[in-house]
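First comes the structure, then the notes that go with it.
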Amino acid sequence: MMKKLLMLGLVAAAATACLKNDMMLPKEVAGFERFAVIGQQSASISTAARTVRVTMPSGTSEANLKTLTITELAYTANVSTATPQLGVGSVVDLSDTLRVTLSNYRDYEWKIIASVAEKGGEDGEQEETGRQLYNMSFDFWSLSGNAWMPFAESASDEQRLVWATSNEGTAGFLGKNTTEPEETFVAVAGEGKKAVKLASQFMVLKFAAGNLFTGEFCGLTGLSGADLAWGVPFTQRPAALTGYYCYQPVTIDRVADPYKDMLGKMDCGRIQVILADWDKHPSAAVDEKGRFHVINSKDQFIDTENDPAIIGYGELTFDSWMDAYARFEIPIEYRDSRSPSVVVIVASGSRYGDYFTGGDGTVLYLDEFSFKY
């Protein structure tokens, strides 16, 4: 009888111990779900290795690594405490490994590690293969006659066809640029860092919006417009486009049909991202490279709502005055499971600039674009 009672006691004790362990020791690791800092090129989280790895753009100095500001931070739901305490807006020193202890009845030590992207020669940072575009930091510029071009002087032929503006038309014809490098007012400081300034302005005969897009400026179409080939080769499916912007609009004082009723209203800007396979949907507007030719003098524009070639789309519009840069994130909504063949990123300080409508003096600053996966 005593043996039976002893055995029952041991079984009960074991069951209690198992129950206590199930209650006290969580099965899931306390970890990070999201982490980002100002100016990063990319960030990745490995729960298995308990590491957060941040890649900063080429040229980021050690001094900059010492004062990085957190813009995104989220822990897994089971985290009860974090040491040191971090939050959005916290300034962290990532010049060396930052160790963070996350607890959920057990302590888990995480490492936050920053690295600086290597330069690919003299003219550009080494991008994640196929996942980012050349010069998304907008640090590299050169002059072609009077026209500012968004690529380094030593850029390859392929790199020269990533970003374009209308400067070749306005600078060549009127000696003015609507899009220029900005060296003093930047989102991320550091040696060689630049942003881009889009300045809408009236140029003798027509209003011209400050603009920037992926593709090629193919020339003016008389005095009433331009031929812009939108799109560069790209086969990835990013979740969002991120970056920094600062908008400083004025009231609309130049109008044309069909937006004459916009006169006197505040100008508005827009950033769009389009993932498409126009090469699979040929038309008179699509060239042999699968690019869509936007020609405003012919009212030839992309129908972003109904074009069957558009696989993913996102946009951000804004019309309020800003004194400083703000971070943006444009989610890309996918309409199909196909892989794209081109990506279009287009930004304009005056949303209706294609229709020669906007405010003379509106300025949009952009910096540090990146695709988020």
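Ordering of the structure tokens sets the chain letters (A, B, ...), residue numbers begin anew at 1 in every chain, and ligands are numbered from 1 in the order given.
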Any chance you could list, as a compact mmCIF listing (two decimals) with C-alpha atoms, in the first residue's frame, the residues in stretch 275-320 of chain A that come up strand (DSSP E or B) when DSSP is run on the backbone?
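What ended up in result32.txt:
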# COMPACT_ATOMS: atom_id res chain seq x y z
CA LEU A 275 5.09 46.82 -61.44
CA ALA A 276 4.00 45.64 -64.87
CA VAL A 286 4.76 49.94 -75.59
CA PHE A 292 5.22 52.40 -71.70
CA HIS A 293 5.64 55.74 -73.52
CA VAL A 294 3.82 58.56 -71.78
CA ILE A 295 3.23 61.37 -74.30
CA GLN A 300 -1.19 58.96 -73.95
CA ILE A 310 -0.21 46.26 -64.13
CA ILE A 311 0.64 43.58 -61.57
CA GLY A 312 1.27 45.78 -58.52
CA TYR A 313 0.54 49.42 -57.74
CA GLY A 314 0.97 51.94 -54.93
CA GLU A 315 0.85 55.71 -54.59
CA LEU A 316 1.22 58.53 -52.10
CA THR A 317 -0.33 61.99 -52.60
CA PHE A 318 0.23 65.06 -50.43
Exercise. Which polymer residues have any atom within 8 Å of an atom of stretch 321-324 of chain A, counting only C-alpha atoms, with same-chain residues fewer than 3 positions away left out, as a VMD selection string?
Worked result: chain A and resid 246 to 249
Exercise. Using only C-alpha atoms, which of the listed residues (A:Ala82, A:Leu263, A:Ala30, A:Ala77) sits closest to A:Tyr352?
Worked result: A:Leu263
Problem set entry | helix (DSSP H, G or I) call set, DSSP backbone run, stretch 16-160 of chain A, as a PyMOL selection string | chain A and resi 16-24+62-65+159-160
Could you save the residues just selected, with all heavy atoms, as a short mmCIF file (atom, residue, chain, number, x, y, z; two decimals), in the first residue's frame?
data_model
loop_
_atom_site.label_atom_id
_atom_site.label_comp_id
_atom_site.auth_asym_id
_atom_site.auth_seq_id
_atom_site.Cartn_x
_atom_site.Cartn_y
_atom_site.Cartn_z
N THR A 16 2.73 17.88 -11.91
CA THR A 16 2.76 19.28 -11.47
C THR A 16 3.96 20.00 -12.06
O THR A 16 3.88 21.15 -12.50
CB THR A 16 2.81 19.36 -9.93
OG1 THR A 16 1.69 18.67 -9.41
CG2 THR A 16 2.81 20.80 -9.46
N ALA A 17 5.12 19.30 -12.07
CA ALA A 17 6.33 19.91 -12.62
C ALA A 17 6.16 20.22 -14.10
O ALA A 17 6.54 21.27 -14.59
CB ALA A 17 7.53 18.97 -12.41
N CYS A 18 5.56 19.27 -14.84
CA CYS A 18 5.33 19.50 -16.27
C CYS A 18 4.40 20.68 -16.48
O CYS A 18 4.62 21.51 -17.35
CB CYS A 18 4.72 18.25 -16.89
SG CYS A 18 5.89 16.87 -17.01
N LEU A 19 3.34 20.75 -15.66
CA LEU A 19 2.39 21.87 -15.77
C LEU A 19 3.08 23.18 -15.49
O LEU A 19 2.90 24.17 -16.19
CB LEU A 19 1.22 21.64 -14.80
CG LEU A 19 0.13 22.72 -14.80
CD1 LEU A 19 -0.50 22.82 -16.19
CD2 LEU A 19 -0.91 22.42 -13.74
N LYS A 20 3.95 23.18 -14.46
CA LYS A 20 4.65 24.41 -14.10
C LYS A 20 5.56 24.85 -15.25
O LYS A 20 5.63 26.02 -15.60
CB LYS A 20 5.46 24.18 -12.84
CG LYS A 20 6.21 25.42 -12.37
CD LYS A 20 6.96 25.15 -11.07
CE LYS A 20 7.70 26.40 -10.61
NZ LYS A 20 8.45 26.16 -9.37
N ASN A 21 6.27 23.88 -15.87
CA ASN A 21 7.17 24.22 -16.96
C ASN A 21 6.39 24.77 -18.16
O ASN A 21 6.82 25.72 -18.79
CB ASN A 21 7.97 22.99 -17.39
CG ASN A 21 9.07 22.66 -16.39
OD1 ASN A 21 9.47 23.53 -15.64
ND2 ASN A 21 9.53 21.42 -16.38
N ASP A 22 5.24 24.14 -18.47
CA ASP A 22 4.43 24.64 -19.58
C ASP A 22 3.95 26.05 -19.32
O ASP A 22 3.84 26.87 -20.22
CB ASP A 22 3.23 23.72 -19.82
CG ASP A 22 3.66 22.41 -20.47
OD1 ASP A 22 4.78 22.37 -21.00
OD2 ASP A 22 2.86 21.45 -20.45
N MET A 23 3.62 26.34 -18.06
CA MET A 23 3.11 27.67 -17.71
C MET A 23 4.23 28.70 -17.68
O MET A 23 4.06 29.83 -18.12
CB MET A 23 2.44 27.61 -16.33
CG MET A 23 1.16 26.80 -16.31
SD MET A 23 -0.18 27.60 -17.20
CE MET A 23 -0.51 28.95 -16.08
N MET A 24 5.40 28.31 -17.17
CA MET A 24 6.45 29.28 -16.90
C MET A 24 7.42 29.47 -18.05
O MET A 24 8.03 30.51 -18.20
CB MET A 24 7.23 28.86 -15.65
CG MET A 24 6.38 28.82 -14.38
SD MET A 24 5.65 30.43 -13.98
CE MET A 24 7.12 31.34 -13.53
N GLU A 62 31.53 56.29 -39.59
CA GLU A 62 31.40 55.71 -38.26
C GLU A 62 30.67 56.67 -37.32
O GLU A 62 29.90 56.24 -36.45
CB GLU A 62 32.77 55.36 -37.67
CG GLU A 62 32.68 54.65 -36.32
CD GLU A 62 34.02 54.16 -35.82
OE1 GLU A 62 35.00 54.21 -36.60
OE2 GLU A 62 34.09 53.72 -34.66
N ALA A 63 30.90 57.97 -37.52
CA ALA A 63 30.20 58.96 -36.70
C ALA A 63 28.69 58.86 -36.90
O ALA A 63 27.91 58.98 -35.95
CB ALA A 63 30.70 60.37 -37.03
N ASN A 64 28.25 58.63 -38.16
CA ASN A 64 26.83 58.47 -38.43
C ASN A 64 26.27 57.21 -37.78
O ASN A 64 25.14 57.19 -37.29
CB ASN A 64 26.56 58.43 -39.93
CG ASN A 64 26.83 59.75 -40.62
OD1 ASN A 64 27.41 59.79 -41.70
ND2 ASN A 64 26.43 60.85 -40.00
N LEU A 65 27.09 56.14 -37.76
CA LEU A 65 26.65 54.89 -37.16
C LEU A 65 26.42 55.03 -35.66
O LEU A 65 25.65 54.27 -35.07
CB LEU A 65 27.68 53.78 -37.41
CG LEU A 65 27.83 53.30 -38.85
CD1 LEU A 65 28.92 52.22 -38.93
CD2 LEU A 65 26.53 52.76 -39.40
N GLN A 159 23.24 51.76 -66.15
CA GLN A 159 22.91 52.62 -65.02
C GLN A 159 22.36 53.97 -65.47
O GLN A 159 21.51 54.55 -64.78
CB GLN A 159 24.15 52.82 -64.14
CG GLN A 159 24.57 51.56 -63.40
CD GLN A 159 25.92 51.71 -62.71
OE1 GLN A 159 26.78 52.47 -63.16
NE2 GLN A 159 26.13 50.97 -61.63
N ARG A 160 22.80 54.45 -66.61
CA ARG A 160 22.32 55.73 -67.13
C ARG A 160 20.85 55.68 -67.57
O ARG A 160 20.23 56.72 -67.79
CB ARG A 160 23.19 56.19 -68.30
CG ARG A 160 24.59 56.61 -67.88
CD ARG A 160 25.51 56.79 -69.06
NE ARG A 160 26.85 57.15 -68.62
CZ ARG A 160 27.35 58.39 -68.62
NH1 ARG A 160 26.62 59.39 -69.07
NH2 ARG A 160 28.57 58.61 -68.18
#
For this session: Do a neighbour search on stretch 336-350 of chain A at 7 Å with only C-alpha atoms, toss out local chain neighbours closer than 2 positions, and write the hits as a count of residues only.
Result: 35
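Distance check against A:Thr357 using only C-alpha atoms: of A:Ala208, A:Ala240, A:Cys218, A:Val79, the minimum falls on A:Ala208.
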For this session: Do a neighbour search on A:Phe217 at 9 Å with only C-alpha atoms, toss out local chain neighbours closer than 2 positions, and write the hits as JSON, numbers by chain.
Result: {"A": [164, 165, 166, 167, 168, 169, 215, 219, 220, 226, 227, 228, 229, 230]}
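Look at stretch 184-188 of chain A: the protein and nucleic acid residues within 10 Å of it, using only C-alpha atoms and passing over chain neighbours fewer than 2 places away, are Ile38, Gly39, Gln40, Pro57, Thr60, Asn64, Leu68, Ser137, Pro181, Glu182, Gly190, Glu191, Lys193, Lys194, Ala195, Val196, Lys197, Gly243, Tyr244, Tyr245, Cys246, Ala324, Tyr325, Ala326, Arg327, Tyr365, Leu366, Asp367 and Glu368 of chain A.
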For the residues in that selection, give me C-alpha atoms as a tab-separated table (two decimals), in the first residue's frame.
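Heads up, here's the output in part-v6.tsv:
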chain	number	residue	atom	x	y	z
A	38	ILE	CA	16.79	56.42	-40.71
A	39	GLY	CA	18.74	56.08	-43.94
A	40	GLN	CA	19.10	52.31	-43.96
A	57	PRO	CA	24.37	53.06	-47.76
A	60	THR	CA	28.03	56.19	-44.19
A	64	ASN	CA	26.83	58.47	-38.43
A	68	LEU	CA	21.15	56.27	-35.83
A	137	SER	CA	19.97	57.08	-52.54
A	181	PRO	CA	20.81	67.48	-56.73
A	182	GLU	CA	20.41	68.93	-53.22
A	190	GLY	CA	27.34	62.16	-44.42
A	191	GLU	CA	30.22	62.59	-46.81
A	193	LYS	CA	25.30	62.41	-49.39
A	194	LYS	CA	22.76	64.20	-51.58
A	195	ALA	CA	19.01	64.37	-52.08
A	196	VAL	CA	16.96	65.42	-55.10
A	197	LYS	CA	15.03	68.68	-55.45
A	243	GLY	CA	12.04	56.76	-48.46
A	244	TYR	CA	11.94	60.36	-47.24
A	245	TYR	CA	10.15	63.40	-48.59
A	246	CYS	CA	9.62	67.05	-47.76
A	324	ALA	CA	11.42	68.80	-42.43
A	325	TYR	CA	11.74	65.39	-44.02
A	326	ALA	CA	9.29	62.65	-43.10
A	327	ARG	CA	9.64	58.96	-43.79
A	365	TYR	CA	12.61	67.04	-51.86
A	366	LEU	CA	13.23	63.28	-52.00
A	367	ASP	CA	15.92	61.10	-50.45
A	368	GLU	CA	16.99	57.51	-49.71
For this session: Name all residues at most 6 Å from A:Tyr75 (count only C-alpha atoms; drop same-chain ones fewer than 2 positions away) and give them as a VMD selection string.
Result: chain A and resid 31 to 33
Exercise. Which residues come within 9 Å of A:Thr97, counting only C-alpha atoms, excluding same-chain residues fewer than 5 positions away, as an NGL selection string?
Worked result: :A and (111-114)
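Distance-wise, atom CA of A:Arg131 and atom CA of A:Phe371 end up 7.3 Å apart.
When only C-alpha atoms are used to compute distances to A:Gln85, the closest of the residues A:Val54, A:Leu161, A:Leu73, A:Met262 turns out to be A:Leu73.
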